[in-house]
Amino acid sequence: DSSWSSERVYDAASMAADLKEVFLELDLYKRRCALVGAGLGAAVAADFAARFPRLVGLLALVDYDPSASSQAYCKVQGAGQVPDHRACLQLLTSPLMREQRRTPAAAEKAAGVIFRQDALLGHWTPRMDPNFHMPGPSRAALGRSLASLRCKVLYLHAFEESTVAAVEAMCGPEVAANMSVARMQKSSGFSVSDSPFEVYKVLKGALLGTRASSAVFPFSEEEEGEGEGGARSRTPESLGLKPLPQFDSLEEAFKALGPRQIPTREAIQQELDKLRAEEDGPASSEDEDGEDGRRRRTGLSFNPPEYFGMVG
C-alpha cells in the first residue's frame with residue numbers, strides 16, 4: 001500500500017529510478033540480488049535489470065503480458081467507492097472487468113488488497129491513485145530492453161502459449177535460451193494472490209538452481225572477475241548508481257576524500273557544551289541524564305562511540 005506519486009508520474013523508468021534509491025538506501029548493491037516483479041511490477045523489474053545488469057542475478061517476471069491493457073491501468077479505479085465488501089466482490093468478478101476479471105475465490109483474497117474500508121463511513125474505496133495510468137513502452141523499445149538482460153530469467157504465468165512465445169521472441173535468442181518458464185496451474189491470471197504457495201515453490205527452486213549454476217549467472221564477485229575485494233569493490237559509483245564526485249581543485253579533493261579523525265567522547269561533549277552555551281542553557285550532567293536531556297539528543301547519541309567513525 002505505497003503512497004501515490006505527488007507528480008502523478010507512473011512509468012517503468014521512473015519507478016526503476018525509485019528502486020535504485022532503495023538499493024542505495026539499504027546497501028543492496030553489495031551482491032547481486034534476485035528481483036521479482038508481478039504484473040506492472042514485472043515491467044519495472046525488467047527495466048531495472050536492463051539498466052543495472054550487475055545488480056541482478058535472477059529476474060522473475062510473474063504474470064507479465066507487455067501487450068495487454070491490464071498492464072496499463074486497473075479498472076476498479078473508475079468505481080470511486082462501493083458500499084460494502086459484497087459490492088467489492090461483485091465488481092471484481094463482473095464481466096465488465098474483462099481481462100482483469102477474477103474468480104470468486106481470487107476476488108475474496110484480493111478485495112482487502114485492492115480496496116480500503118473507511119473506518120468512519122464504512123464504504124470501500126480503491127487504494128490505487130484514481131489518476132494512475134502506466135504508459136507502456138513501444139514494442140521496439142521493450143524488445144531492446146528485454147534483449148539487453150544479462151541475468152537468468154524466470155517467467156511465471158497463467159497465459160496462453162502464444163503470449164509466452166511473444167515474450168520469448170522479444171527477449172531475443174540469447175536471453176530466451178536461459179529463460180525458465182513455469183505455468184501456474186492454480187492461477188486465474190493473478191498468480192501471487194491466487195496461488196502464492198505455487199509461486200513460492202517455483203521461486204525457491206529457481207534460487208537454489210541459480211546458485212548451483214553460478215558459473216553462468218554468478219552471485220559472487222570473485223566469479224565475476226572483480227578481484228579479491230569482493231563486495232568491497234562494489235561501490236555505487238562503479239555500478240552506475242551514483243556519479244563520481246567532481247572537484248574544482250586538488251585541494252578540495254584531498255579535503256573531501258582524505259581520512260577524517262574519529263571524534264572522542266570528550267570532543268563530542270565539548271561540542272555539546274558549546275551548543276548549550278550558545279543557547280544559554282545549563283550544562284549540568286543531571287539535566288543531560290534526565291528526561292529533558294534524553295529528549296534533546298539525536299538518535300546518533302545513543303549509539304556506541306565507535307559508530308561515529310562510520311558516520312564520518
# chains A, B, ... in the order shown; residues from 1 in each chain; ligands from 1
call {"tool": "residues_around", "arguments": {"residues": "A:Val167", "least_positions_apart": "4", "cutoff": "8 Å", "atoms": "only C-alpha atoms", "output": "VMD selection string"}}
result
chain A and resid 65 to 66 163 171
call {"tool": "atom_distance", "arguments": {"atom1": "atom CA of A:Leu89", "atom2": "atom CA of A:Ala60"}}
result
29.3 Å
call {"tool": "residues_around", "arguments": {"residues": "A:Arg116", "least_positions_apart": "6", "cutoff": "6 Å", "atoms": "only C-alpha atoms", "output": "PyMOL selection string"}}
result
chain A and resi 124-125+127
